[in-house]
Amino acid sequence: MSSTSELLPLTMDSSIDPQPRLNLGPTKATPVRASQDSPASGPSPSAHARDRAISVVIPVRDAAHTLGEQLEALAVAHRPDCGFEVIVSDNGSSDETAEIAVSFASRMTIRVVDAGGAPGSNYARNCGVRAARHQRILLCDGDDRVDADWLTAMSRGFDEGHQLMAGPIDYVALNPAQVRAWRGADRASTGTILNFLGSGHGANLGFTKSLWNELNGFDESFEFGGPDIEFCWRAQLRGTPLHTVPDAIVHYRLRPSLRKLYKQSRAYGAAEAHLYQKFAQFGLDRRPASAPIVDLWWILTRLPFAVAQGRRGAWLRRLGQQIGRFEGSARYRVLWW
């Protein structure tokens with residue numbers, strides 16, 4: 001979902017009543033499409049180390065061009081003393097994604113899980129987490145690159161007792177200046193979304209499997225936007241705070257073309273309406289009546305400047321988000337524009 005600007009971490013409002021358990025429906029057992037573990041070496045880990053071990057879940061679809069870079073970063077990252085496994089949850093790839101993943105089996109414990117039963121990142125996330133062998137879960141994406149200290153920083157967060165964590169998203173390392181200008185920032189961190197509750201980014205999220213079980217997993221109706229926000233909000237409404245891990249950095253790859261940026265922004269706008277449909281009953285306020293007027297005025301008055309390459313992306317991003325809000329309002333039958 002859309003990244004946030006640098007904001008202070010969320011402070012929970014204890015007056016909000018916990019949300020009832022959401023029934024996402026039964027889910028079939030996830031078959032393993034390709035699986036290969038690295039050879040065992042050294043003595044068996046202690047029970048304490050096993051309790052602290054981490055499962056890194058990477059939902060992917062046709063990520064052959066970028067997945068190797070992410071797996072290489074995990075292979076050479078500073079590792080906690082508890083060990084970890086990597087689960088590549090393949091959401092119906094037609095390229096060499098699975099083969100690239102398995103090629104790293106000599107360097108880490110890695111499995112490829114078949115998550116092609118339904119489209120969407122949340123379905124792939126649920127398949128991956130369900131297959132995880134450990135209680136401590138980290139999420140990242142196949143087109144990004146984790147920082148060298150990411151694993152150890154997140155491991156410390158788990159050691160401190162946090163059940164839901166998120167780290168910053170860095171745009172500098174993997175994106176040219178012009179693409180970053182379209183986004184209008186060089187970094188995003190945890191912060192309040194839509195003036196409601198805080199959220200991290202699904203490309204840099206950590207949680208316990210017990211929390212995932214308690215929440216019945218990720219809501220698979222959020223196929224194209226907002227899945228990470230929805231999960232973080234439900235957790236907080238149940239009383240689990242979101243903890244920020246400042247030194248757990250993921251280098252994030254932005255959409256490299258104007259067409260993809262516009263398409264993503266429309267999905268983000270529609271996701272706002274979906275979030276409003278689901279969380280209005282818990283205190284998420286509707287956008288002010290003047291908001292669409294202000295947005296449309298901004299779009300129309302800056303149209304002459306949109307032809308400049310440096311400004312075109314920012315203009316298309318705002319246009320796409322506003323169109324998406326109208327589309328989401330119609331799709332989810334709410335007034336959100």
# chains A, B, ... in the order shown; residues from 1 in each chain; ligands from 1

call {"tool": "closest_atom_pairs", "arguments": {"of": "range 188-256 of chain A", "to": "range 70-79 of chain A", "cutoff": "12 Å", "atoms": "only C-alpha atoms", "output": "Markdown table"}}
result
| residue | atom | partner | partner_atom | distance |
| --- | --- | --- | --- | --- |
| A:Ala203 | CA | A:Gln70 | CA | 11.5 |
| A:Ala248 | CA | A:His78 | CA | 11.6 |
| A:Ile249 | CA | A:Ala77 | CA | 11.9 |
| A:Val250 | CA | A:Gln70 | CA | 10.0 |
| A:His251 | CA | A:Gln70 | CA | 9.8 |
| A:Tyr252 | CA | A:Gln70 | CA | 10.6 |
| A:Arg253 | CA | A:Gln70 | CA | 11.1 |

call {"tool": "residues_around", "arguments": {"residues": "Gln321 in chain A", "least_positions_apart": "5", "cutoff": "7 Å", "atoms": "only C-alpha atoms", "output": "list in words"}}
result
Ser265, Arg266, Tyr268 and Gly269 of chain A

call {"tool": "closest_residue", "arguments": {"among": "A:Arg130, A:Lys260, A:Arg61, A:Arg111", "to": "Thr97 in chain A", "atoms": "only C-alpha atoms"}}
result
A:Arg61

call {"tool": "residues_around", "arguments": {"residues": "range 88-91 of chain A", "least_positions_apart": "6", "cutoff": "12 Å", "atoms": "only C-alpha atoms", "output": "VMD selection string"}}
result
chain A and resid 30 to 36 55 to 64 67 to 68 70 to 71 97 to 102 104 to 105 109 to 132 138 to 142 223

call {"tool": "residues_around", "arguments": {"residues": "His65 in chain A", "least_positions_apart": "4", "cutoff": "9 Å", "atoms": "only C-alpha atoms", "output": "PyMOL selection string"}}
result
chain A and resi 69+96-97+143

call {"tool": "residues_around", "arguments": {"residues": "Glu327 in chain A", "least_positions_apart": "2", "cutoff": "10 Å", "atoms": "only C-alpha atoms", "output": "MDAnalysis selection string"}}
result
chainID A and resid 266:267 269:271 273 321:325 329:333 336:337

call {"tool": "select_by_dssp", "arguments": {"residues": "range 159-336 of chain A", "states": "strand (DSSP E or B)", "output": "PyMOL selection string"}}
result
chain A and resi 164-166+169-170+187-188+191-193+197-199+205-208+243-244+250-251

call {"tool": "closest_residue", "arguments": {"among": "A:Gln277, A:Ser155, A:Gln264, A:Ser94", "to": "Arg183 in chain A", "atoms": "only C-alpha atoms"}}
result
A:Gln264

call {"tool": "select_by_dssp", "arguments": {"residues": "range 269-298 of chain A", "states": "alpha helix (DSSP H)", "output": "number ranges by chain"}}
result
A: 269-279, 291-298

call {"tool": "atom_distance", "arguments": {"atom1": "CA of Val179 in chain A", "atom2": "CA of Leu258 in chain A"}}
result
9.0 Å

call {"tool": "atom_distance", "arguments": {"atom1": "CA of Asp159 in chain A", "atom2": "CA of Ala235 in chain A"}}
result
19.2 Å

call {"tool": "closest_residue", "arguments": {"among": "A:Phe231, A:Ser257, A:Asp95, A:Asp170", "to": "Asn216 in chain A", "atoms": "only C-alpha atoms"}}
result
A:Phe231

call {"tool": "residues_around", "arguments": {"residues": "range 164-169 of chain A", "least_positions_apart": "4", "cutoff": "10 Å", "atoms": "only C-alpha atoms", "output": "PyMOL selection string"}}
result
chain A and resi 3-4+6+137-139+144+146+150+153-154+157-158+186-190+199-208+211-212+232+235-236+240-253

call {"tool": "residues_around", "arguments": {"residues": "Leu284 in chain A", "least_positions_apart": "5", "cutoff": "7 Å", "atoms": "only C-alpha atoms", "output": "ChimeraX atom specification"}}
result
/A:196,276,279

call {"tool": "atom_distance", "arguments": {"atom1": "CA of Leu316 in chain A", "atom2": "CA of Tyr262 in chain A"}}
result
5.7 Å

call {"tool": "closest_residue", "arguments": {"among": "A:Trp298, A:Phe224, A:Tyr171, A:Phe84", "to": "Leu319 in chain A", "atoms": "only C-alpha atoms"}}
result
A:Trp298

call {"tool": "decode", "arguments": {"residues": "range 114-152 of chain A", "atoms": "N, CA and C atoms", "output": "PDB file, in the first residue's frame"}}
result
ATOM      1  N   ASP A 114       3.762 -23.207  -3.271  1.00  0.00           N
ATOM      2  CA  ASP A 114       2.794 -22.924  -4.320  1.00  0.00           C
ATOM      3  C   ASP A 114       1.641 -22.109  -3.741  1.00  0.00           C
ATOM      4  N   ALA A 115       1.552 -20.837  -4.138  1.00  0.00           N
ATOM      5  CA  ALA A 115       0.473 -19.961  -3.696  1.00  0.00           C
ATOM      6  C   ALA A 115      -0.302 -19.455  -4.910  1.00  0.00           C
ATOM      7  N   GLY A 116      -0.492 -20.312  -5.886  1.00  0.00           N
ATOM      8  CA  GLY A 116      -1.162 -19.926  -7.118  1.00  0.00           C
ATOM      9  C   GLY A 116      -2.650 -20.163  -7.138  1.00  0.00           C
ATOM     10  N   GLY A 117      -3.246 -20.489  -5.987  1.00  0.00           N
ATOM     11  CA  GLY A 117      -4.665 -20.820  -5.961  1.00  0.00           C
ATOM     12  C   GLY A 117      -5.596 -19.649  -6.149  1.00  0.00           C
ATOM     13  N   ALA A 118      -5.121 -18.426  -5.897  1.00  0.00           N
ATOM     14  CA  ALA A 118      -5.935 -17.219  -6.050  1.00  0.00           C
ATOM     15  C   ALA A 118      -4.993 -16.044  -6.239  1.00  0.00           C
ATOM     16  N   PRO A 119      -5.421 -15.003  -6.946  1.00  0.00           N
ATOM     17  CA  PRO A 119      -4.542 -13.851  -7.144  1.00  0.00           C
ATOM     18  C   PRO A 119      -4.465 -12.989  -5.887  1.00  0.00           C
ATOM     19  N   GLY A 120      -3.375 -12.264  -5.749  1.00  0.00           N
ATOM     20  CA  GLY A 120      -3.277 -11.298  -4.669  1.00  0.00           C
ATOM     21  C   GLY A 120      -2.154 -11.569  -3.700  1.00  0.00           C
ATOM     22  N   SER A 121      -1.533 -10.484  -3.225  1.00  0.00           N
ATOM     23  CA  SER A 121      -0.414 -10.612  -2.298  1.00  0.00           C
ATOM     24  C   SER A 121      -0.844 -11.198  -0.961  1.00  0.00           C
ATOM     25  N   ASN A 122      -2.066 -10.890  -0.514  1.00  0.00           N
ATOM     26  CA  ASN A 122      -2.499 -11.418   0.782  1.00  0.00           C
ATOM     27  C   ASN A 122      -2.693 -12.920   0.750  1.00  0.00           C
ATOM     28  N   TYR A 123      -3.197 -13.445  -0.356  1.00  0.00           N
ATOM     29  CA  TYR A 123      -3.313 -14.897  -0.464  1.00  0.00           C
ATOM     30  C   TYR A 123      -1.928 -15.528  -0.405  1.00  0.00           C
ATOM     31  N   ALA A 124      -0.970 -14.945  -1.115  1.00  0.00           N
ATOM     32  CA  ALA A 124       0.394 -15.473  -1.101  1.00  0.00           C
ATOM     33  C   ALA A 124       1.008 -15.345   0.289  1.00  0.00           C
ATOM     34  N   ARG A 125       0.757 -14.244   0.966  1.00  0.00           N
ATOM     35  CA  ARG A 125       1.280 -14.081   2.324  1.00  0.00           C
ATOM     36  C   ARG A 125       0.724 -15.148   3.252  1.00  0.00           C
ATOM     37  N   ASN A 126      -0.585 -15.369   3.177  1.00  0.00           N
ATOM     38  CA  ASN A 126      -1.185 -16.382   4.042  1.00  0.00           C
ATOM     39  C   ASN A 126      -0.627 -17.774   3.762  1.00  0.00           C
ATOM     40  N   CYS A 127      -0.430 -18.108   2.483  1.00  0.00           N
ATOM     41  CA  CYS A 127       0.149 -19.413   2.154  1.00  0.00           C
ATOM     42  C   CYS A 127       1.555 -19.535   2.729  1.00  0.00           C
ATOM     43  N   GLY A 128       2.331 -18.467   2.609  1.00  0.00           N
ATOM     44  CA  GLY A 128       3.693 -18.509   3.109  1.00  0.00           C
ATOM     45  C   GLY A 128       3.772 -18.613   4.615  1.00  0.00           C
ATOM     46  N   VAL A 129       2.957 -17.816   5.308  1.00  0.00           N
ATOM     47  CA  VAL A 129       2.973 -17.861   6.775  1.00  0.00           C
ATOM     48  C   VAL A 129       2.471 -19.210   7.267  1.00  0.00           C
ATOM     49  N   ARG A 130       1.475 -19.758   6.607  1.00  0.00           N
ATOM     50  CA  ARG A 130       0.943 -21.062   7.013  1.00  0.00           C
ATOM     51  C   ARG A 130       2.027 -22.144   6.907  1.00  0.00           C
ATOM     52  N   ALA A 131       2.890 -22.012   5.928  1.00  0.00           N
ATOM     53  CA  ALA A 131       3.952 -23.013   5.743  1.00  0.00           C
ATOM     54  C   ALA A 131       5.159 -22.761   6.632  1.00  0.00           C
ATOM     55  N   ALA A 132       5.216 -21.623   7.312  1.00  0.00           N
ATOM     56  CA  ALA A 132       6.387 -21.270   8.116  1.00  0.00           C
ATOM     57  C   ALA A 132       6.562 -22.233   9.279  1.00  0.00           C
ATOM     58  N   ARG A 133       7.811 -22.576   9.572  1.00  0.00           N
ATOM     59  CA  ARG A 133       8.112 -23.502  10.659  1.00  0.00           C
ATOM     60  C   ARG A 133       8.329 -22.790  11.985  1.00  0.00           C
ATOM     61  N   HIS A 134       8.489 -21.467  11.954  1.00  0.00           N
ATOM     62  CA  HIS A 134       8.853 -20.737  13.159  1.00  0.00           C
ATOM     63  C   HIS A 134       7.763 -19.738  13.548  1.00  0.00           C
ATOM     64  N   GLN A 135       7.802 -19.325  14.796  1.00  0.00           N
ATOM     65  CA  GLN A 135       6.804 -18.404  15.333  1.00  0.00           C
ATOM     66  C   GLN A 135       7.067 -16.958  14.930  1.00  0.00           C
ATOM     67  N   ARG A 136       8.309 -16.630  14.658  1.00  0.00           N
ATOM     68  CA  ARG A 136       8.663 -15.249  14.326  1.00  0.00           C
ATOM     69  C   ARG A 136       8.671 -15.096  12.806  1.00  0.00           C
ATOM     70  N   ILE A 137       7.809 -14.194  12.303  1.00  0.00           N
ATOM     71  CA  ILE A 137       7.608 -14.046  10.868  1.00  0.00           C
ATOM     72  C   ILE A 137       8.057 -12.658  10.425  1.00  0.00           C
ATOM     73  N   LEU A 138       8.813 -12.620   9.331  1.00  0.00           N
ATOM     74  CA  LEU A 138       9.163 -11.360   8.681  1.00  0.00           C
ATOM     75  C   LEU A 138       8.658 -11.392   7.246  1.00  0.00           C
ATOM     76  N   LEU A 139       8.109 -10.250   6.798  1.00  0.00           N
ATOM     77  CA  LEU A 139       7.662 -10.111   5.420  1.00  0.00           C
ATOM     78  C   LEU A 139       8.567  -9.138   4.678  1.00  0.00           C
ATOM     79  N   CYS A 140       8.930  -9.506   3.452  1.00  0.00           N
ATOM     80  CA  CYS A 140       9.554  -8.572   2.530  1.00  0.00           C
ATOM     81  C   CYS A 140       9.112  -8.970   1.131  1.00  0.00           C
ATOM     82  N   ASP A 141       9.473  -8.173   0.126  1.00  0.00           N
ATOM     83  CA  ASP A 141       9.021  -8.423  -1.244  1.00  0.00           C
ATOM     84  C   ASP A 141      10.170  -8.863  -2.128  1.00  0.00           C
ATOM     85  N   GLY A 142       9.818  -9.483  -3.241  1.00  0.00           N
ATOM     86  CA  GLY A 142      10.823 -10.037  -4.130  1.00  0.00           C
ATOM     87  C   GLY A 142      11.482  -9.036  -5.044  1.00  0.00           C
ATOM     88  N   ASP A 143      10.997  -7.791  -5.078  1.00  0.00           N
ATOM     89  CA  ASP A 143      11.614  -6.785  -5.942  1.00  0.00           C
ATOM     90  C   ASP A 143      12.343  -5.706  -5.144  1.00  0.00           C
ATOM     91  N   ASP A 144      12.573  -5.945  -3.854  1.00  0.00           N
ATOM     92  CA  ASP A 144      13.286  -4.985  -3.015  1.00  0.00           C
ATOM     93  C   ASP A 144      14.600  -5.595  -2.544  1.00  0.00           C
ATOM     94  N   ARG A 145      15.261  -4.925  -1.591  1.00  0.00           N
ATOM     95  CA  ARG A 145      16.513  -5.442  -1.052  1.00  0.00           C
ATOM     96  C   ARG A 145      16.618  -5.067   0.419  1.00  0.00           C
ATOM     97  N   VAL A 146      16.705  -6.068   1.274  1.00  0.00           N
ATOM     98  CA  VAL A 146      16.824  -5.790   2.712  1.00  0.00           C
ATOM     99  C   VAL A 146      18.217  -5.281   3.017  1.00  0.00           C
ATOM    100  N   ASP A 147      18.317  -4.443   4.033  1.00  0.00           N
ATOM    101  CA  ASP A 147      19.603  -3.930   4.472  1.00  0.00           C
ATOM    102  C   ASP A 147      20.380  -5.025   5.209  1.00  0.00           C
ATOM    103  N   ALA A 148      21.684  -4.848   5.315  1.00  0.00           N
ATOM    104  CA  ALA A 148      22.530  -5.863   5.937  1.00  0.00           C
ATOM    105  C   ALA A 148      22.150  -6.149   7.383  1.00  0.00           C
ATOM    106  N   ASP A 149      21.609  -5.157   8.086  1.00  0.00           N
ATOM    107  CA  ASP A 149      21.265  -5.324   9.503  1.00  0.00           C
ATOM    108  C   ASP A 149      19.786  -5.624   9.732  1.00  0.00           C
ATOM    109  N   TRP A 150      19.050  -5.871   8.677  1.00  0.00           N
ATOM    110  CA  TRP A 150      17.594  -6.023   8.799  1.00  0.00           C
ATOM    111  C   TRP A 150      17.223  -7.201   9.693  1.00  0.00           C
ATOM    112  N   LEU A 151      17.807  -8.350   9.457  1.00  0.00           N
ATOM    113  CA  LEU A 151      17.468  -9.544  10.237  1.00  0.00           C
ATOM    114  C   LEU A 151      17.789  -9.353  11.718  1.00  0.00           C
ATOM    115  N   THR A 152      18.963  -8.838  12.015  1.00  0.00           N
ATOM    116  CA  THR A 152      19.353  -8.696  13.416  1.00  0.00           C
ATOM    117  C   THR A 152      18.512  -7.630  14.113  1.00  0.00           C
TER     118      THR A 152
END
